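So this block is my_file-v1.pdb, PDB, C-alpha atoms:
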```
MODEL        1
ATOM      1  CA  MET K  23      77.918 109.613 183.092
ATOM      2  CA  VAL K  24      74.747 110.661 181.298
ATOM      3  CA  LYS K  25      72.811 107.476 182.008
ATOM      4  CA  GLY K  26      69.407 108.268 183.449
ATOM      5  CA  ALA K  27      69.685 112.013 182.788
ATOM      6  CA  ARG K  28      66.687 113.466 180.926
ATOM      7  CA  LYS K  29      67.864 117.020 180.525
ATOM      8  CA  ILE K  30      71.487 118.088 180.419
ATOM      9  CA  LEU K  31      73.497 121.210 179.807
ATOM     10  CA  VAL K  32      76.724 120.850 177.830
ATOM     11  CA  LEU K  33      78.796 123.743 179.066
ATOM     12  CA  GLY K  34      81.889 124.878 177.193
ATOM     13  CA  CYS K  35      84.547 127.380 178.174
ATOM     14  CA  ARG K  36      85.922 130.116 175.914
ATOM     15  CA  GLY K  37      89.279 130.130 177.694
ATOM     16  CA  CYS K  38      92.257 127.840 177.118
ATOM     17  CA  VAL K  39      90.155 124.800 176.125
ATOM     18  CA  ALA K  40      88.562 126.781 173.280
ATOM     19  CA  VAL K  41      92.008 127.770 171.989
ATOM     20  CA  CYS K  42      93.046 124.105 172.195
ATOM     21  CA  SER K  43      89.911 122.981 170.280
ATOM     22  CA  ALA K  44      88.951 120.836 173.251
ATOM     23  CA  GLY K  45      86.002 122.543 174.929
ATOM     24  CA  GLY K  46      84.904 125.704 173.112
ATOM     25  CA  ASP K  47      81.690 126.443 171.204
ATOM     26  CA  LYS K  48      82.538 124.103 168.356
ATOM     27  CA  GLU K  49      83.339 121.148 170.575
ATOM     28  CA  VAL K  50      80.161 121.734 172.593
ATOM     29  CA  LYS K  51      78.181 121.324 169.368
ATOM     30  CA  ILE K  52      80.043 118.143 168.434
ATOM     31  CA  LEU K  53      79.600 116.537 171.852
ATOM     32  CA  SER K  54      75.913 117.453 171.954
ATOM     33  CA  ALA K  55      75.311 115.980 168.501
ATOM     34  CA  ALA K  56      77.161 112.797 169.477
ATOM     35  CA  LEU K  57      75.173 112.490 172.720
ATOM     36  CA  LYS K  58      71.861 112.981 170.918
ATOM     37  CA  LEU K  59      72.755 110.293 168.407
ATOM     38  CA  GLY K  60      74.015 107.887 171.072
ATOM     39  CA  VAL K  61      70.960 108.294 173.290
ATOM     40  CA  LYS K  62      68.599 107.946 170.341
ATOM     41  CA  ARG K  63      70.297 104.727 169.267
ATOM     42  CA  SER K  64      69.957 103.287 172.744
ATOM     43  CA  GLY K  65      66.225 103.973 172.582
ATOM     44  CA  GLY K  66      66.282 106.751 175.152
ATOM     45  CA  GLU K  67      65.253 110.355 175.087
ATOM     46  CA  ILE K  68      67.273 113.329 176.137
ATOM     47  CA  GLU K  69      67.022 117.077 175.985
ATOM     48  CA  ILE K  70      70.357 118.810 175.529
ATOM     49  CA  ASP K  71      71.040 122.511 175.855
ATOM     50  CA  GLU K  72      74.338 124.048 174.847
ATOM     51  CA  ASP K  73      76.187 127.055 176.167
ATOM     52  CA  THR K  74      79.743 128.295 176.456
ATOM     53  CA  LEU K  75      80.877 130.553 179.285
ATOM     54  CA  VAL K  76      83.541 133.220 178.885
ATOM     55  CA  ARG K  77      85.552 131.300 181.492
ATOM     56  CA  GLN K  78      84.824 128.606 184.027
ATOM     57  CA  CYS K  79      87.559 129.729 186.406
ATOM     58  CA  ASP K  80      86.035 133.009 187.606
ATOM     59  CA  PRO K  81      83.085 133.149 190.020
ATOM     60  CA  GLU K  82      81.076 135.737 188.129
ATOM     61  CA  TYR K  83      80.576 133.337 185.241
ATOM     62  CA  ILE K  84      80.009 130.219 187.355
ATOM     63  CA  GLU K  85      77.682 131.410 190.094
ATOM     64  CA  PRO K  86      74.646 132.135 187.877
ATOM     65  CA  LEU K  87      74.564 128.355 187.356
ATOM     66  CA  ASN K  88      73.163 127.989 190.875
ATOM     67  CA  GLU K  89      69.859 129.304 189.559
ATOM     68  CA  ARG K  90      70.117 128.298 185.936
ATOM     69  CA  ALA K  91      71.142 124.677 186.435
ATOM     70  CA  LYS K  92      68.082 123.895 188.568
ATOM     71  CA  ASP K  93      66.355 122.774 185.390
ATOM     72  CA  TYR K  94      69.046 120.237 184.510
ATOM     73  CA  ASP K  95      69.723 116.716 185.750
ATOM     74  CA  LEU K  96      73.332 117.120 184.737
ATOM     75  CA  VAL K  97      75.847 119.751 183.693
ATOM     76  CA  MET K  98      78.668 118.400 181.509
ATOM     77  CA  SER K  99      81.567 120.798 181.780
ATOM     78  CA  MET K 100      83.907 120.941 178.807
ATOM     79  CA  ALA K 101      86.338 123.153 180.718
ATOM     80  CA  CYS K 102      89.578 121.766 182.085
ATOM     81  CA  GLY K 103      89.411 120.126 185.507
ATOM     82  CA  VAL K 104      89.615 123.573 187.093
ATOM     83  CA  GLY K 105      86.204 124.479 185.714
ATOM     84  CA  VAL K 106      84.593 121.252 186.890
ATOM     85  CA  ASN K 107      86.013 121.750 190.387
ATOM     86  CA  PHE K 108      84.985 125.384 190.459
ATOM     87  CA  VAL K 109      81.398 124.554 189.534
ATOM     88  CA  ALA K 110      81.389 121.831 192.203
ATOM     89  CA  ASP K 111      82.801 124.257 194.795
ATOM     90  CA  ARG K 112      80.492 127.151 194.010
ATOM     91  CA  CYS K 113      77.266 125.424 193.017
ATOM     92  CA  PRO K 114      76.310 122.951 195.756
ATOM     93  CA  ASP K 115      73.162 121.655 194.051
ATOM     94  CA  VAL K 116      74.533 121.332 190.536
ATOM     95  CA  ASN K 117      75.337 117.822 189.403
ATOM     96  CA  VAL K 118      78.495 118.510 187.382
ATOM     97  CA  VAL K 119      80.561 115.936 185.469
ATOM     98  CA  PRO K 120      83.700 116.347 183.344
ATOM     99  CA  ALA K 121      83.450 116.078 179.594
ATOM    100  CA  LEU K 122      87.213 116.427 179.176
ATOM    101  CA  ASN K 123      90.075 114.412 180.537
ATOM    102  CA  THR K 124      92.539 117.231 181.181
ATOM    103  CA  THR K 125      95.937 115.880 180.261
ATOM    104  CA  PHE K 126      98.449 118.686 180.707
ATOM    105  CA  TYR K 127      99.180 122.353 180.145
ATOM    106  CA  GLY K 128     101.332 122.819 177.074
ATOM    107  CA  ALA K 129     102.081 124.649 173.875
ATOM    108  CA  ASN K 130     100.669 124.207 170.390
ATOM    109  CA  LEU K 131     103.460 122.777 168.195
ATOM    110  CA  SER K 132     101.327 122.890 165.072
ATOM    111  CA  SER K 133      97.643 122.521 164.327
ATOM    112  CA  GLY K 134      96.449 119.479 166.277
ATOM    113  CA  GLU K 135      99.645 118.830 168.237
ATOM    114  CA  TRP K 136     100.449 119.904 171.802
ATOM    115  CA  LYS K 137     103.379 119.342 174.111
ATOM    116  CA  GLU K 138     103.805 119.731 177.852
ATOM    117  CA  LEU K 139     106.371 122.434 178.606
ATOM    118  CA  CYS K 140     105.684 123.630 182.154
ATOM    119  CA  ALA K 141     104.625 121.728 185.248
ATOM    120  CA  GLY K 142     103.703 124.811 187.258
ATOM    121  CA  CYS K 143     105.982 123.550 190.025
ATOM    122  CA  GLY K 144     106.255 126.847 191.896
ATOM    123  CA  ALA K 145     110.076 126.762 192.046
ATOM    124  CA  CYS K 146     111.163 127.896 188.602
ATOM    125  CA  VAL K 147     114.718 127.160 187.431
ATOM    126  CA  LEU K 148     114.365 128.235 183.803
ATOM    127  CA  HIS K 149     116.872 131.070 184.349
ATOM    128  CA  LEU K 150     119.482 128.399 185.136
ATOM    129  CA  THR K 151     118.681 126.028 182.289
ATOM    130  CA  GLY K 152     118.532 128.236 179.222
ATOM    131  CA  GLY K 153     114.743 128.448 179.358
ATOM    132  CA  LEU K 154     114.251 124.681 178.999
ATOM    133  CA  CYS K 155     112.448 123.000 181.895
ATOM    134  CA  PRO K 156     113.990 119.895 183.464
ATOM    135  CA  VAL K 157     110.988 119.507 185.778
ATOM    136  CA  ALA K 158     108.354 119.151 183.068
ATOM    137  CA  ARG K 159     110.520 117.826 180.252
ATOM    138  CA  CYS K 160     112.797 115.289 181.965
ATOM    139  CA  ALA K 161     111.056 111.986 182.707
ATOM    140  CA  LYS K 162     112.753 111.973 186.123
ATOM    141  CA  SER K 163     112.628 115.758 186.665
ATOM    142  CA  LEU K 164     116.374 115.692 187.348
ATOM    143  CA  SER K 165     118.047 118.890 188.522
ATOM    144  CA  ASN K 166     121.714 118.405 187.681
ATOM    145  CA  GLY K 167     122.192 116.768 184.325
ATOM    146  CA  PRO K 168     121.008 113.655 182.531
ATOM    147  CA  CYS K 169     120.687 110.117 183.820
ATOM    148  CA  GLY K 170     122.234 107.065 182.127
ATOM    149  CA  GLY K 171     119.106 106.681 180.025
ATOM    150  CA  SER K 172     120.118 109.599 177.838
ATOM    151  CA  GLN K 173     121.486 108.019 174.654
ATOM    152  CA  GLY K 174     122.278 109.937 171.483
ATOM    153  CA  GLY K 175     120.334 112.904 172.790
ATOM    154  CA  ARG K 176     117.200 110.820 173.291
ATOM    155  CA  CYS K 177     115.387 109.768 176.465
ATOM    156  CA  GLU K 178     115.173 106.069 177.225
ATOM    157  CA  ILE K 179     111.405 106.277 177.797
ATOM    158  CA  ASN K 180     110.774 106.932 174.118
ATOM    159  CA  PRO K 181     113.059 107.677 171.157
ATOM    160  CA  ASP K 182     110.668 110.479 170.169
ATOM    161  CA  VAL K 183     111.426 112.308 173.410
ATOM    162  CA  PRO K 184     114.615 114.387 173.391
ATOM    163  CA  CYS K 185     116.739 114.350 176.532
ATOM    164  CA  ILE K 186     116.090 117.820 177.887
ATOM    165  CA  TRP K 187     119.437 117.858 179.646
ATOM    166  CA  GLN K 188     121.142 117.267 176.296
ATOM    167  CA  LEU K 189     119.181 120.202 174.869
ATOM    168  CA  ILE K 190     120.060 122.363 177.880
ATOM    169  CA  TYR K 191     123.745 121.485 177.450
ATOM    170  CA  ASP K 192     123.657 122.158 173.708
ATOM    171  CA  ARG K 193     121.844 125.445 174.132
ATOM    172  CA  LEU K 194     124.054 126.796 176.917
ATOM    173  CA  SER K 195     127.162 125.663 174.998
ATOM    174  CA  LYS K 196     126.015 127.580 171.952
ATOM    175  CA  GLN K 197     125.452 130.656 174.105
ATOM    176  CA  ASP K 198     128.896 130.227 175.634
ATOM    177  CA  ARG K 199     127.301 129.629 179.042
ATOM    178  CA  LYS K 200     128.312 125.996 179.524
ATOM    179  CA  GLU K 201     130.312 126.881 182.671
ATOM    180  CA  GLU K 202     127.048 127.775 184.434
ATOM    181  CA  LEU K 203     126.129 124.106 184.500
ATOM    182  CA  LYS K 204     128.917 123.507 187.005
ATOM    183  CA  ASN K 205     126.795 125.267 189.624
ATOM    184  CA  ILE K 206     125.064 122.448 191.441
ATOM    185  CA  MET K 207     121.376 122.965 192.105
ATOM    186  CA  PRO K 208     120.479 122.196 195.708
ATOM    187  CA  ILE K 209     118.087 119.403 196.622
ATOM    188  CA  ARG K 210     114.739 120.475 195.374
ATOM    189  CA  ASP K 211     111.880 121.403 197.678
ATOM    190  CA  TRP K 212     108.806 119.834 196.122
ATOM    191  CA  THR K 213     106.283 121.325 198.533
ATOM    192  CA  THR K 214     105.527 124.115 196.048
ATOM    193  CA  ALA K 215     104.874 121.524 193.335
ATOM    194  CA  GLY K 216     101.808 120.141 195.066
ATOM    195  CA  HIS K 217     103.670 117.784 197.380
ATOM    196  CA  GLY K 218     102.905 120.194 200.189
ATOM    197  CA  GLY K 219      99.176 119.895 199.554
ATOM    198  CA  PRO K 220      96.829 121.945 197.385
ATOM    199  CA  ARG K 221      98.381 125.251 196.421
ATOM    200  CA  ARG K 222      96.988 128.693 196.914
ATOM    201  CA  ARG K 223      98.242 132.062 195.783
ATOM    202  CA  VAL K 224      97.224 135.354 197.336
ATOM    203  CA  ARG K 225      98.108 138.766 195.958
ATOM    204  CA  GLU K 226      97.441 141.450 198.508
ATOM    205  CA  ASP K 227      97.444 144.158 195.838
ATOM    206  CA  LEU K 228      94.517 142.567 194.062
ATOM    207  CA  LEU K 229      92.378 141.668 197.057
ATOM    208  CA  PRO K 230      89.057 143.537 197.246
TER     209      PRO K 230
ATOM    210  CA  MET E  24      63.332 101.842 152.253
ATOM    211  CA  SER E  25      66.754 103.088 153.280
ATOM    212  CA  LYS E  26      67.187 106.753 154.019
ATOM    213  CA  ILE E  27      70.409 108.011 152.516
ATOM    214  CA  LYS E  28      71.660 111.517 153.114
ATOM    215  CA  GLY E  29      74.217 113.086 150.813
ATOM    216  CA  PHE E  30      76.091 116.331 151.244
ATOM    217  CA  CYS E  31      77.406 117.593 147.911
ATOM    218  CA  CYS E  32      79.180 120.748 147.004
ATOM    219  CA  ASN E  33      77.817 123.272 144.572
ATOM    220  CA  TYR E  34      80.301 122.213 141.926
ATOM    221  CA  THR E  35      79.949 118.437 142.025
ATOM    222  CA  MET E  36      76.129 118.362 142.213
ATOM    223  CA  SER E  37      74.911 119.864 138.990
ATOM    224  CA  VAL E  38      71.819 117.713 138.420
ATOM    225  CA  ASP E  39      68.534 117.939 140.315
ATOM    226  CA  VAL E  40      68.158 114.949 142.620
ATOM    227  CA  ASP E  41      64.490 114.487 141.642
ATOM    228  CA  ALA E  42      65.540 114.087 138.023
ATOM    229  CA  LEU E  43      67.938 111.342 139.092
ATOM    230  CA  LYS E  44      65.157 109.669 141.074
ATOM    231  CA  GLU E  45      62.699 109.882 138.173
ATOM    232  CA  GLY E  46      65.279 108.254 135.977
ATOM    233  CA  GLY E  47      65.552 105.438 138.531
ATOM    234  CA  LEU E  48      69.242 106.155 138.861
ATOM    235  CA  VAL E  49      69.368 106.670 142.619
ATOM    236  CA  PRO E  50      67.522 105.143 145.584
ATOM    237  CA  GLU E  51      64.111 106.649 146.383
ATOM    238  CA  GLY E  52      65.177 107.420 149.943
ATOM    239  CA  LEU E  53      68.000 109.682 148.851
ATOM    240  CA  GLU E  54      68.092 113.233 150.087
ATOM    241  CA  ILE E  55      70.812 115.624 148.971
ATOM    242  CA  ASP E  56      71.924 118.797 150.703
ATOM    243  CA  ARG E  57      73.748 121.036 148.301
ATOM    244  CA  LEU E  58      76.395 123.098 150.039
ATOM    245  CA  ALA E  59      78.356 126.061 148.795
ATOM    246  CA  CYS E  60      81.435 123.972 149.560
ATOM    247  CA  THR E  61      81.886 120.724 151.499
ATOM    248  CA  GLY E  62      84.506 122.597 153.509
ATOM    249  CA  ARG E  63      81.546 124.252 155.231
ATOM    250  CA  LEU E  64      80.254 120.934 156.487
ATOM    251  CA  GLU E  65      80.773 120.456 160.218
ATOM    252  CA  VAL E  66      80.808 117.246 162.253
ATOM    253  CA  PRO E  67      77.517 117.983 164.094
ATOM    254  CA  GLU E  68      75.653 118.226 160.767
ATOM    255  CA  ILE E  69      76.900 114.783 159.818
ATOM    256  CA  LEU E  70      75.896 113.294 163.176
ATOM    257  CA  ASP E  71      72.539 115.105 163.109
ATOM    258  CA  ALA E  72      71.805 113.474 159.747
ATOM    259  CA  PHE E  73      71.989 110.071 161.445
ATOM    260  CA  THR E  74      69.988 111.326 164.440
ATOM    261  CA  ASN E  75      67.309 112.558 162.044
ATOM    262  CA  GLY E  76      66.894 109.113 160.556
ATOM    263  CA  ALA E  77      69.513 108.599 157.856
ATOM    264  CA  ASP E  78      70.735 105.014 157.595
ATOM    265  CA  ALA E  79      73.854 106.143 155.768
ATOM    266  CA  VAL E  80      75.487 109.454 154.988
ATOM    267  CA  PHE E  81      77.915 110.428 152.275
ATOM    268  CA  VAL E  82      79.777 113.546 151.273
ATOM    269  CA  VAL E  83      80.857 114.375 147.726
ATOM    270  CA  GLY E  84      83.405 117.094 147.172
ATOM    271  CA  CYS E  85      85.652 118.194 144.347
ATOM    272  CA  GLN E  86      88.752 116.155 143.590
ATOM    273  CA  MET E  87      91.209 116.890 146.361
ATOM    274  CA  ASP E  88      93.679 118.689 144.073
ATOM    275  CA  LYS E  89      90.979 120.494 142.098
ATOM    276  CA  CYS E  90      88.771 121.890 144.825
ATOM    277  CA  HIS E  91      87.157 125.146 143.744
ATOM    278  CA  ASN E  92      87.935 126.582 147.156
ATOM    279  CA  LEU E  93      91.379 124.950 147.264
ATOM    280  CA  SER E  94      91.082 123.117 150.603
ATOM    281  CA  GLY E  95      87.322 122.563 151.019
ATOM    282  CA  SER E  96      87.406 118.891 150.066
ATOM    283  CA  TYR E  97      90.416 118.325 152.285
ATOM    284  CA  ARG E  98      88.670 119.908 155.261
ATOM    285  CA  ALA E  99      85.544 117.865 154.609
ATOM    286  CA  SER E 100      87.520 114.636 154.385
ATOM    287  CA  LYS E 101      89.144 115.340 157.749
ATOM    288  CA  ARG E 102      85.767 116.015 159.345
ATOM    289  CA  VAL E 103      84.327 112.854 157.838
ATOM    290  CA  ARG E 104      87.257 110.949 159.335
ATOM    291  CA  TYR E 105      86.566 112.493 162.728
ATOM    292  CA  ALA E 106      82.846 111.770 162.503
ATOM    293  CA  LYS E 107      83.673 108.149 161.653
ATOM    294  CA  LYS E 108      85.635 107.910 164.904
ATOM    295  CA  ILE E 109      82.621 109.189 166.815
ATOM    296  CA  LEU E 110      80.349 106.669 165.081
ATOM    297  CA  LYS E 111      82.710 103.919 166.142
ATOM    298  CA  GLU E 112      82.607 105.178 169.724
ATOM    299  CA  LEU E 113      78.829 105.035 169.536
ATOM    300  CA  ASP E 114      79.089 101.421 168.415
ATOM    301  CA  MET E 115      77.918 102.258 164.897
ATOM    302  CA  ASP E 116      79.444 101.019 161.677
ATOM    303  CA  PRO E 117      81.805 103.788 160.496
ATOM    304  CA  GLU E 118      81.370 102.574 156.921
ATOM    305  CA  LEU E 119      77.871 104.022 156.975
ATOM    306  CA  LEU E 120      79.618 107.334 156.412
ATOM    307  CA  GLU E 121      81.900 107.905 153.441
ATOM    308  CA  MET E 122      83.567 110.715 151.547
ATOM    309  CA  PHE E 123      83.758 110.651 147.759
ATOM    310  CA  PHE E 124      85.449 112.935 145.282
ATOM    311  CA  ALA E 125      84.026 113.889 141.887
ATOM    312  CA  ASP E 126      85.018 115.901 138.884
ATOM    313  CA  ARG E 127      83.123 119.100 138.459
ATOM    314  CA  GLY E 128      79.688 118.694 136.881
ATOM    315  CA  HIS E 129      79.808 114.891 136.729
ATOM    316  CA  SER E 130      76.796 113.266 138.339
ATOM    317  CA  GLU E 131      77.926 109.652 137.879
ATOM    318  CA  PRO E 132      80.078 109.587 141.027
ATOM    319  CA  ILE E 133      77.121 110.855 143.043
ATOM    320  CA  VAL E 134      74.847 108.189 141.607
ATOM    321  CA  GLU E 135      77.452 105.535 142.351
ATOM    322  CA  ALA E 136      77.989 106.872 145.866
ATOM    323  CA  ALA E 137      74.261 106.840 146.610
ATOM    324  CA  ARG E 138      73.916 103.294 145.331
ATOM    325  CA  LEU E 139      76.933 102.077 147.259
ATOM    326  CA  MET E 140      75.701 103.627 150.494
ATOM    327  CA  ALA E 141      72.211 102.178 149.927
ATOM    328  CA  SER E 142      73.731  98.732 149.495
ATOM    329  CA  LYS E 143      75.523  99.109 152.824
ATOM    330  CA  THR E 144      72.274  99.766 154.648
ATOM    331  CA  GLN E 145      70.481  96.657 153.506
ATOM    332  CA  GLY E 146      69.269  94.957 156.651
ATOM    333  CA  ASN E 147      69.562  98.020 158.867
ATOM    334  CA  SER E 148      66.626  99.873 157.362
ATOM    335  CA  GLN E 149      64.501  96.712 157.477
ATOM    336  CA  ASP E 150      65.067  96.568 161.230
ATOM    337  CA  ARG E 151      63.825 100.117 161.491
ATOM    338  CA  ASP E 152      60.816  99.613 159.221
ATOM    339  CA  GLN E 153      59.504  96.634 161.157
TER     340      GLN E 153
ENDMDL
END
```
As structure tokens, the full file:
Amino acid sequence: MVKGARKILVLGCRGCVAVCSAGGDKEVKILSAALKLGVKRSGGEIEIDEDTLVRQCDPEYIEPLNERAKDYDLVMSMACGVGVNFVADRCPDVNVVPALNTTFYGANLSSGEWKELCAGCGACVLHLTGGLCPVARCAKSLSNGPCGGSQGGRCEINPDVPCIWQLIYDRLSKQDRKEELKNIMPIRDWTTAGHGGPRRRVREDLLP
Amino acid sequence: MSKIKGFCCNYTMSVDVDALKEGGLVPEGLEIDRLACTGRLEVPEILDAFTNGADAVFVVGCQMDKCHNLSGSYRASKRVRYAKKILKELDMDPELLEMFFADRGHSEPIVEAARLMASKTQGNSQDRDQ
């Protein structure tokens, strides 16, 4: 990605990626140091500037790059994929590349460990499943109970993965709500989950 | 001559490095940065040491269970491990970076560490000097 670039800007984000130790100030410093060392070893020369924006998902932080990034051959965004896309959308002349491979949106189990808990599917059923998501946490995103691959409370894809339908059953049983599981969920409409094309949300009350 | 960079904590490095050099105990190309605690050492500083010409880098902290600041040595060892991964990604020998642990006020482990790291660079520094 950086091959041929003489001057680059490593651009972090102080939002979610900073909290996840993936693309905040500290990680910007690490990546820059690694790039400098790598380029030096390959006999090249590179000038690297570092900065971290408050967020890379709001225009007021991104748009100044139109002027500022004129000096750079490359902007390496350490934001999630949203930031990279937003720079690309808003800054036509900025050559932006991703410095992160955004994997998922999850929770921090303990220091250094994250787990996907929500798929942002746009058709939430958590009120029916005891707060445990069968869309994000079932390998098949099943709506009405486990498949035959659920053995001993574990998913067949990996013994480290609990069967979420087992957990839903256990949790609702404990809360004396097991009967609720007899309500069959209708066939799911996946258009809100991205299958209907890129999603967009408008809130009239917030529009300028 | 190999350039060796050492990061030592305030408690493990009690002897002046020039005195060690004068005594012929450590390689001439040794440079030591004395830190308040190795727990303050960050990955970029380790990588920058290589970028600035070090052939090998080592870190000496207190014994893991006797760290003056409780977890400083532990933090440093984790960062060294991470920096080693980056070196590997950059196609460098991760063994050119090591973490050592020493009892408070004992300079022998530092001398040994410096010598060991110098021995690992034999060949590499010659390439650079040519």
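Atom CA of K:Asp73 is positioned 12.9 Å from atom CA of K:Tyr94.
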Take the point (83.9, 103.0, 162.5) in the file's coordinates, draw a sphere of radius 6 Å around it, and report as an MDAnalysis selection string every protein, DNA or RNA residue with an atom inside or on it, counting all atoms listed in the file.
chainID E and resid 107:108 110:111 116:117
Nearest residue to E:Thr61 out of E:Lys89, E:Ala99, E:Ala42, E:Phe81, using only C-alpha atoms?
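Smallest distance to E:Thr61 is found for E:Ala99.
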Can you give me, as an mmCIF file with C-alpha atoms, keeping the file's coordinate frame, the residues this file yields under the ChimeraX specification (/E :<7) & /K?
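Writing the result to out_24.cif gives the following:
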```cif
data_model
loop_
_atom_site.group_PDB
_atom_site.id
_atom_site.type_symbol
_atom_site.label_atom_id
_atom_site.label_comp_id
_atom_site.auth_asym_id
_atom_site.auth_seq_id
_atom_site.Cartn_x
_atom_site.Cartn_y
_atom_site.Cartn_z
ATOM 1 C CA LYS K 51 78.181 121.324 169.368
ATOM 2 C CA ILE K 52 80.043 118.143 168.434
ATOM 3 C CA ALA K 55 75.311 115.980 168.501
ATOM 4 C CA ALA K 56 77.161 112.797 169.477
ATOM 5 C CA LYS K 58 71.861 112.981 170.918
ATOM 6 C CA LEU K 59 72.755 110.293 168.407
ATOM 7 C CA GLY K 60 74.015 107.887 171.072
ATOM 8 C CA LYS K 62 68.599 107.946 170.341
#
```
Apply the PyMOL selection byres ((chain K and resi 30) around 7) to the structure shown and report the selected residues as a list in words.
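After applying the PyMOL selection byres ((chain K and resi 30) around 7), what remains is Ala27, Arg28, Lys29, Leu31, Val32, Glu69, Ile70, Asp71, Tyr94, Asp95, Leu96 and Val97 of chain K.
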Just-selected residues, C-alpha atoms written as an mmCIF file, keeping the file's coordinate frame:
```
data_model
loop_
_atom_site.group_PDB
_atom_site.id
_atom_site.type_symbol
_atom_site.label_atom_id
_atom_site.label_comp_id
_atom_site.auth_asym_id
_atom_site.auth_seq_id
_atom_site.Cartn_x
_atom_site.Cartn_y
_atom_site.Cartn_z
ATOM 1 C CA ALA K 27 69.685 112.013 182.788
ATOM 2 C CA ARG K 28 66.687 113.466 180.926
ATOM 3 C CA LYS K 29 67.864 117.020 180.525
ATOM 4 C CA LEU K 31 73.497 121.210 179.807
ATOM 5 C CA VAL K 32 76.724 120.850 177.830
ATOM 6 C CA GLU K 69 67.022 117.077 175.985
ATOM 7 C CA ILE K 70 70.357 118.810 175.529
ATOM 8 C CA ASP K 71 71.040 122.511 175.855
ATOM 9 C CA TYR K 94 69.046 120.237 184.510
ATOM 10 C CA ASP K 95 69.723 116.716 185.750
ATOM 11 C CA LEU K 96 73.332 117.120 184.737
ATOM 12 C CA VAL K 97 75.847 119.751 183.693
#
```
Name the residues in contact with E:Leu58 at a cut-off of 7 Å, using only C-alpha atoms, excluding same-chain residues fewer than 3 positions from it; report them as a count of residues only.
5
Expected selection from the PyMOL selection byres ((chain E and resi 125-142) around 10), given as a compact mmCIF listing (two decimals) with C-alpha atoms, keeping the file's coordinate frame:
```txt
# COMPACT_ATOMS: atom_id res chain seq x y z
CA MET E 24 63.33 101.84 152.25
CA SER E 25 66.75 103.09 153.28
CA LYS E 26 67.19 106.75 154.02
CA ILE E 27 70.41 108.01 152.52
CA LYS E 28 71.66 111.52 153.11
CA GLY E 29 74.22 113.09 150.81
CA PHE E 30 76.09 116.33 151.24
CA CYS E 31 77.41 117.59 147.91
CA CYS E 32 79.18 120.75 147.00
CA ASN E 33 77.82 123.27 144.57
CA TYR E 34 80.30 122.21 141.93
CA THR E 35 79.95 118.44 142.02
CA MET E 36 76.13 118.36 142.21
CA SER E 37 74.91 119.86 138.99
CA VAL E 38 71.82 117.71 138.42
CA ASP E 39 68.53 117.94 140.32
CA VAL E 40 68.16 114.95 142.62
CA LEU E 43 67.94 111.34 139.09
CA LYS E 44 65.16 109.67 141.07
CA LEU E 48 69.24 106.16 138.86
CA VAL E 49 69.37 106.67 142.62
CA PRO E 50 67.52 105.14 145.58
CA GLU E 51 64.11 106.65 146.38
CA GLY E 52 65.18 107.42 149.94
CA LEU E 53 68.00 109.68 148.85
CA GLU E 54 68.09 113.23 150.09
CA ILE E 55 70.81 115.62 148.97
CA ASP E 78 70.74 105.01 157.60
CA ALA E 79 73.85 106.14 155.77
CA VAL E 80 75.49 109.45 154.99
CA PHE E 81 77.92 110.43 152.28
CA VAL E 82 79.78 113.55 151.27
CA VAL E 83 80.86 114.38 147.73
CA GLY E 84 83.40 117.09 147.17
CA CYS E 85 85.65 118.19 144.35
CA GLN E 86 88.75 116.16 143.59
CA MET E 87 91.21 116.89 146.36
CA LYS E 89 90.98 120.49 142.10
CA CYS E 90 88.77 121.89 144.82
CA HIS E 91 87.16 125.15 143.74
CA GLU E 118 81.37 102.57 156.92
CA LEU E 119 77.87 104.02 156.98
CA LEU E 120 79.62 107.33 156.41
CA GLU E 121 81.90 107.90 153.44
CA MET E 122 83.57 110.72 151.55
CA PHE E 123 83.76 110.65 147.76
CA PHE E 124 85.45 112.94 145.28
CA LYS E 143 75.52 99.11 152.82
CA THR E 144 72.27 99.77 154.65
CA GLN E 145 70.48 96.66 153.51
CA GLY E 146 69.27 94.96 156.65
CA SER E 148 66.63 99.87 157.36
```
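Atom pair atom CA of K:Pro184 / atom CA of K:Thr124 has a distance of 23.6 Å (rounded to one decimal).
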If I take atom CA of E:Ala77 and atom CA of E:Ala59, how far is one from the other in Å, to one decimal?
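It comes out at 21.6 Å.
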Give me the residues within 12 Å of K:Pro181 as a PyMOL selection string, counting all atoms listed in the file and dropping any in the same chain fewer than 6 places off.
chain K and resi 171-175
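Ranking K:Arg63, K:Pro81, K:Val50, K:Leu164 by their shortest atom-to-atom distance to K:Arg112, with only C-alpha atoms included, puts K:Pro81 first.
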Nearest-residue call for K:His217, choices K:Cys143, K:Cys160, K:Met98, K:Leu154, using only C-alpha atoms:
K:Cys143
Leaving out K:Asp47 and any residue of its chain fewer than 2 positions from it, which residues lie within 8 Å of it when counting all atoms listed in the file, given as a list in words?
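Final neighbour list, sorted by chain and number: Gly34, Cys35, Arg36, Ala40, Gly45, Glu49, Val50, Lys51, Asp73 and Thr74 of chain K.
Checking K:Cys146, K:Gly128, K:Ala141, K:Gly219 one by one against K:Met207, counting only C-alpha atoms, you find the shortest gap at K:Cys146.
Nearest-residue note for K:Arg199: choosing from K:Leu150, K:Val24, K:Ala91, K:Leu53, the minimum distance belongs to K:Leu150, counting all atoms listed in the file.
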